[in-house]
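**Student:** So here's data-v2.txt (compact mmCIF, C-alpha atoms).
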```
# COMPACT_ATOMS: atom_id res chain seq x y z
CA ASN A 1 -28.15 7.49 -3.36
CA ALA A 2 -27.13 9.44 -6.46
CA PHE A 3 -24.33 11.90 -7.13
CA CYS A 4 -25.58 14.65 -9.42
CA GLY A 5 -22.58 16.25 -11.09
CA PHE A 6 -23.73 19.81 -10.46
CA CYS A 7 -25.44 19.36 -7.05
CA GLY A 8 -23.96 19.94 -3.62
CA THR A 9 -26.38 18.05 -1.41
CA HIS A 10 -23.77 15.62 -0.10
CA SER A 11 -21.73 18.48 1.34
CA LEU A 12 -24.83 19.81 3.11
CA LYS A 13 -25.01 16.63 5.17
CA LYS A 14 -21.57 17.47 6.56
CA ILE A 15 -22.58 21.05 7.30
CA PHE A 16 -25.87 20.06 8.94
CA PRO A 17 -25.31 16.61 10.51
CA GLU A 18 -28.08 16.98 13.09
CA LYS A 19 -30.95 14.50 13.02
CA MET A 20 -34.50 15.41 14.00
CA SER A 21 -36.76 13.17 16.06
CA ILE A 22 -40.10 12.14 14.62
CA GLU A 23 -41.82 13.85 17.55
CA ARG A 24 -40.20 17.21 16.82
CA ALA A 25 -40.76 16.84 13.08
CA LEU A 26 -44.49 16.29 13.62
CA GLU A 27 -44.62 19.29 15.97
CA ILE A 28 -43.13 21.42 13.21
CA ALA A 29 -45.68 20.05 10.74
CA ASP A 30 -48.44 21.14 13.12
CA GLU A 31 -46.84 24.56 13.57
CA ILE A 32 -46.67 24.96 9.79
CA SER A 33 -50.33 24.01 9.46
CA ASP A 34 -51.41 26.28 12.32
CA ALA A 35 -49.65 29.20 10.63
CA GLY A 36 -51.94 28.85 7.62
CA THR A 37 -49.33 27.51 5.24
CA TRP A 38 -51.16 26.06 2.24
CA ALA A 39 -48.35 24.10 0.55
CA VAL A 40 -45.20 22.26 1.66
CA GLY A 41 -42.54 20.75 -0.58
CA PHE A 42 -40.07 17.98 0.22
CA THR A 43 -36.73 17.84 -1.57
CA GLY A 44 -33.23 16.66 -0.78
CA GLY A 45 -30.95 14.90 -1.19
CA GLU A 46 -33.36 12.11 -1.92
CA VAL A 47 -36.64 12.31 -0.02
CA PHE A 48 -37.32 8.56 0.04
CA LEU A 49 -34.20 8.01 2.15
CA SER A 50 -35.72 9.87 5.10
CA PRO A 51 -37.81 7.90 7.62
CA LEU A 52 -39.61 11.18 8.38
CA LEU A 53 -41.10 11.59 4.92
CA PHE A 54 -44.29 9.55 5.09
CA PRO A 55 -45.26 10.44 8.71
CA LEU A 56 -44.87 14.11 7.80
CA VAL A 57 -46.81 13.80 4.57
CA GLU A 58 -49.60 11.98 6.40
CA ARG A 59 -49.76 14.66 9.11
CA LEU A 60 -49.73 17.56 6.64
CA LYS A 61 -52.37 16.00 4.40
CA SER A 62 -54.59 15.37 7.44
CA ARG A 63 -54.38 19.12 8.09
CA GLY A 64 -55.37 20.02 4.53
CA VAL A 65 -51.96 21.13 3.34
CA VAL A 66 -50.96 20.70 -0.31
CA VAL A 67 -47.87 18.46 -0.50
CA TYR A 68 -45.39 18.11 -3.34
CA ILE A 69 -42.36 15.87 -3.53
CA VAL A 70 -39.18 16.26 -5.58
CA THR A 71 -37.27 13.04 -6.27
CA ASN A 72 -34.63 11.58 -8.56
CA GLY A 73 -37.14 8.77 -9.13
CA ILE A 74 -35.03 5.88 -7.91
CA GLY A 75 -37.61 4.79 -5.32
CA LEU A 76 -40.71 6.05 -7.06
CA ALA A 77 -42.06 2.71 -8.28
CA LYS A 78 -41.51 1.16 -4.84
CA TYR A 79 -43.45 3.88 -3.03
CA ALA A 80 -46.02 4.68 -5.72
CA GLN A 81 -48.91 2.96 -3.94
CA ARG A 82 -48.22 4.78 -0.69
CA LEU A 83 -47.94 8.16 -2.41
CA VAL A 84 -51.28 7.67 -4.13
CA GLU A 85 -52.94 6.46 -0.91
CA LEU A 86 -51.72 9.54 0.96
CA GLU A 87 -53.06 11.75 -1.84
CA VAL A 88 -49.79 13.57 -2.42
CA ASP A 89 -50.68 16.47 -4.71
CA VAL A 90 -47.59 16.82 -6.93
CA ILE A 91 -44.63 14.57 -7.69
CA GLN A 92 -41.68 16.05 -9.57
CA VAL A 93 -38.89 13.92 -11.01
CA SER A 94 -35.52 15.33 -12.06
CA LEU A 95 -34.57 14.15 -15.57
CA ASP A 96 -31.88 15.95 -17.54
CA PHE A 97 -31.40 13.83 -20.66
CA ALA A 98 -33.47 11.83 -23.13
CA ASP A 99 -30.83 9.12 -23.11
CA ALA A 100 -30.56 6.68 -20.20
CA GLU A 101 -26.80 6.29 -20.48
CA LEU A 102 -26.15 10.04 -20.33
CA HIS A 103 -28.55 10.58 -17.44
CA ASP A 104 -27.17 7.67 -15.40
CA ARG A 105 -23.59 8.75 -16.03
CA ASN A 106 -24.32 12.28 -14.85
CA ARG A 107 -26.03 11.00 -11.70
CA LYS A 108 -23.59 8.10 -11.23
CA VAL A 109 -26.31 5.46 -10.76
CA GLU A 110 -26.84 2.77 -13.35
CA GLY A 111 -30.52 2.16 -14.05
CA LEU A 112 -31.66 5.47 -12.53
CA TYR A 113 -33.26 6.78 -15.74
CA GLU A 114 -35.28 3.66 -16.50
CA GLY A 115 -36.19 3.32 -12.83
CA ALA A 116 -37.55 6.86 -12.79
CA LEU A 117 -39.61 6.26 -15.92
CA ALA A 118 -40.98 3.03 -14.41
CA GLY A 119 -41.99 4.98 -11.33
CA LEU A 120 -43.78 7.62 -13.38
CA ARG A 121 -45.70 4.95 -15.27
CA GLU A 122 -46.68 3.26 -12.00
CA ILE A 123 -48.00 6.50 -10.56
CA LYS A 124 -50.08 7.05 -13.71
CA ARG A 125 -51.43 3.52 -13.45
CA LEU A 126 -52.43 3.81 -9.81
CA ARG A 127 -53.67 7.37 -9.53
CA LYS A 128 -57.31 8.39 -9.69
CA LYS A 129 -58.05 11.02 -12.32
CA ARG A 130 -54.97 13.32 -12.30
CA ASN A 131 -54.00 13.12 -8.66
CA PRO A 132 -51.13 13.28 -7.97
CA ILE A 133 -50.04 15.63 -10.73
CA ILE A 134 -46.74 14.36 -12.13
CA LYS A 135 -44.14 16.56 -13.72
CA THR A 136 -40.47 16.59 -14.60
CA ASN A 137 -37.81 19.22 -14.22
CA THR A 138 -34.82 19.43 -16.53
CA VAL A 139 -31.75 21.53 -15.71
CA VAL A 140 -30.62 23.39 -18.83
CA MET A 141 -26.82 23.22 -19.07
CA LYS A 142 -24.00 23.04 -21.55
CA GLU A 143 -24.27 19.26 -21.90
CA ASN A 144 -27.94 19.17 -22.92
CA ILE A 145 -29.02 22.50 -24.36
CA ASP A 146 -28.68 21.35 -27.97
CA ASP A 147 -31.10 18.48 -27.25
CA ILE A 148 -33.48 20.22 -24.86
CA ASP A 149 -36.41 20.15 -27.28
CA ILE A 150 -35.94 16.40 -27.83
CA ILE A 151 -35.69 15.80 -24.08
CA LEU A 152 -38.87 17.71 -23.25
CA SER A 153 -40.81 16.18 -26.15
CA LYS A 154 -40.01 12.69 -24.87
CA LEU A 155 -40.98 13.57 -21.32
CA GLU A 156 -44.24 15.20 -22.40
CA SER A 157 -45.54 11.80 -23.41
CA LEU A 158 -45.03 10.51 -19.86
CA VAL A 159 -46.11 13.30 -17.52
CA ASP A 160 -48.64 16.07 -17.07
CA TYR A 161 -46.17 18.95 -17.19
CA VAL A 162 -42.54 19.45 -18.17
CA TYR A 163 -40.39 22.17 -16.62
CA ALA A 164 -36.90 23.43 -17.35
CA GLN A 165 -34.62 25.67 -15.35
CA PRO A 166 -31.14 27.08 -15.95
CA ILE A 167 -28.24 25.58 -14.05
CA SER A 168 -27.38 27.52 -10.91
CA TYR A 169 -24.50 27.50 -8.46
CA GLY A 170 -22.92 29.29 -5.52
CA MET A 171 -26.16 29.37 -3.48
CA LYS A 172 -25.04 28.89 0.12
CA ASN A 173 -26.75 26.19 2.21
CA SER A 174 -28.78 24.91 -0.73
CA PRO A 175 -28.50 21.95 -3.13
CA HIS A 176 -27.00 24.44 -5.59
CA ASN A 177 -24.10 25.42 -3.34
CA ARG A 178 -21.22 24.23 -5.48
CA GLY A 179 -18.84 26.86 -6.79
CA ARG A 180 -18.48 27.56 -10.49
CA GLU A 181 -15.03 25.96 -10.55
CA ARG A 182 -16.54 22.64 -9.44
CA ILE A 183 -19.16 22.51 -12.21
CA TYR A 184 -17.37 24.37 -15.00
CA LYS A 185 -18.17 21.73 -17.63
CA TYR A 186 -21.92 22.31 -17.16
CA VAL A 187 -21.91 26.12 -17.03
CA PHE A 188 -22.22 28.54 -19.95
CA GLU A 189 -19.55 31.16 -20.50
CA LYS A 190 -20.38 34.85 -20.81
CA ASN A 191 -19.08 34.97 -24.37
CA GLU A 192 -21.55 32.23 -25.31
CA GLU A 193 -24.60 34.27 -24.38
CA ALA A 194 -25.70 35.18 -27.91
CA SER A 195 -25.53 31.61 -29.21
CA ILE A 196 -27.19 30.22 -26.07
CA ARG A 197 -30.07 32.68 -26.41
CA GLU A 198 -30.48 31.70 -30.04
CA THR A 199 -30.59 28.01 -29.13
CA TYR A 200 -32.96 28.63 -26.25
CA ASN A 201 -35.32 30.66 -28.38
CA ALA A 202 -35.37 28.04 -31.10
CA GLN A 203 -35.88 25.06 -28.80
CA LEU A 204 -38.02 26.37 -25.96
CA LEU A 205 -39.97 29.53 -26.76
CA HIS A 206 -42.42 27.69 -29.01
CA ARG A 207 -43.61 25.70 -25.98
CA ALA A 208 -46.64 26.81 -24.00
CA GLY A 209 -45.62 28.32 -20.70
CA PHE A 210 -42.01 29.02 -21.66
CA SER A 211 -40.68 32.57 -21.94
CA GLY A 212 -37.37 34.28 -22.38
CA ARG A 213 -36.96 34.91 -18.66
CA TYR A 214 -36.52 32.77 -15.57
```
Step by step, read the file and then write its structure as structure tokens.

**Tutor:**
Amino acid sequence: NAFCGFCGTHSLKKIFPEKMSIERALEIADEISDAGTWAVGFTGGEVFLSPLLFPLVERLKSRGVVVYIVTNGIGLAKYAQRLVELEVDVIQVSLDFADAELHDRNRKVEGLYEGALAGLREIKRLRKKRNPIIKTNTVVMKENIDDIDIILSKLESLVDYVYAQPISYGMKNSPHNRGRERIYKYVFEKNEEASIRETYNAQLLHRAGFSGRY
């Protein structure tokens, strides 16, 4: 339901077109629980598009497994009540800009940014104490690195934790499977390393939890 400029999730659907039955999905959830797994994460694509999401979350939570969900936020407000009722432990929303127009243009969905923020506010309104924990993740890339401190400062006022990660590519069979040539406008060049490190150090290292390594 969104087309992230540096993601390759849509191509994965062509590579892995198979669909899983709810019965088999729940069997796998039980196998995961029986193996002693303590945490399971759901990502995509967009998790709210899958009819398997909530049955699986319900089964895993009934078995005492920690569950976290990664979403672009487009359906977060709609499903906020259900997420809180199921006691999902962590919800992470992907937000890469402090400006709605830039974020929506990069993800090719008008209203995505404001919809995600509305969803975050709804989760905060409905949740008891700090459950679920809500956090954001921002991909650090050429188009936003100069504003990364502004972006994270804005998001800090909305969520419990803010995270940032460098852009990645060429990872086979993952959402980051696009080649460098497909996402060249987002990727840093080798000869930019010194200036990028200087910008990173100035904008991120003063934040608790951030270091010079990823």

**Student:** Which polymer residues have any atom within 9 Å of an atom of Asn131 of chain A, counting only C-alpha atoms, with same-chain residues fewer than 6 positions away left out, as a compact mmCIF listing (two decimals) with C-alpha atoms, keeping the file's coordinate frame?

**Tutor:**
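File produced: out-v5.txt:
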```
# COMPACT_ATOMS: atom_id res chain seq x y z
CA VAL A 84 -51.28 7.67 -4.13
CA GLU A 87 -53.06 11.75 -1.84
CA VAL A 88 -49.79 13.57 -2.42
CA ASP A 89 -50.68 16.47 -4.71
CA VAL A 90 -47.59 16.82 -6.93
CA LYS A 124 -50.08 7.05 -13.71
```

**Student:** In the coordinates of the file, take the point (-42.3, 4.5, -9.5) and a cut-off of 6 Å; then, counting all atoms listed in the file, name each qualifying protein, DNA or RNA residue as a PyMOL selection string.

**Tutor:** chain A and resi 76-78+80+118-120+122

**Student:** Mind giving me the straight-line distance from atom CA of Arg82 of chain A to atom CA of Thr138 of chain A in Å, one decimal?

**Tutor:**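 A separation of 25.4 Å between them.
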
**Student:** Would you kindly return, as a VMD selection string, each protein, DNA or RNA residue with an atom no farther than 12 Å from any atom of Trp38 of chain A, considering only C-alpha atoms and excluding same-chain residues fewer than 5 positions away?

**Tutor:** chain A and resid 29 32 to 33 60 to 61 63 to 68 89

**Student:** Provide the atom CA of Ala2 of chain A to atom CA of Val47 of chain A distance in Å, to one decimal place.

**Tutor:** 11.8 Å

**Student:** Taking all atoms listed in the file into account, name the residue in A:His206, A:His103, A:Arg59, A:Arg127 that is nearest to Gln81 of chain A.

**Tutor:**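 Using all atoms listed in the file, the shortest distance to Gln81 of chain A belongs to A:Arg127.
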
**Student:** In Å, how far is it from atom CA of Leu53 of chain A to atom CA of Leu102 of chain A?

**Tutor:**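 Separating atom CA of Leu53 of chain A from atom CA of Leu102 of chain A is a distance of 29.4 Å.
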
**Student:** Hey, what's within 10 Å of Leu56 of chain A if we count only C-alpha atoms and toss same-chain stuff fewer than 6 positions away? As a ChimeraX atom specification, please?

**Tutor:** /A:22,25-30,42,62,67

**Student:** Closest to Glu46 of chain A among A:Gln92, A:Ser153, A:Ser195, A:Ser21, using only C-alpha atoms?

**Tutor:**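 Using only C-alpha atoms, Glu46 of chain A sits closest to A:Gln92.
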
**Student:** Choose the residue, out of A:Ala35, A:Ile123, A:Val187, A:Val40, that has the smallest atom-to-atom separation from Glu143 of chain A; count only C-alpha atoms.

**Tutor:**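 The shortest atom-to-atom distance to Glu143 of chain A comes from A:Val187.
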
**Student:** Gln165 of chain A: which residues within 10 Å, counting all atoms listed in the file, same-chain residues fewer than 6 positions away excluded, as an NGL selection string?

**Tutor:** :A and (137-141 or 214)

**Student:** Take the residues that were just selected and, keeping C-alpha atoms, output them as a short mmCIF file (atom, residue, chain, number, x, y, z; two decimals), in the frame of the given file.

**Tutor:**
```cif
data_model
loop_
_atom_site.label_atom_id
_atom_site.label_comp_id
_atom_site.auth_asym_id
_atom_site.auth_seq_id
_atom_site.Cartn_x
_atom_site.Cartn_y
_atom_site.Cartn_z
CA ASN A 137 -37.81 19.22 -14.22
CA THR A 138 -34.82 19.43 -16.53
CA VAL A 139 -31.75 21.53 -15.71
CA VAL A 140 -30.62 23.39 -18.83
CA MET A 141 -26.82 23.22 -19.07
CA TYR A 214 -36.52 32.77 -15.57
#
```
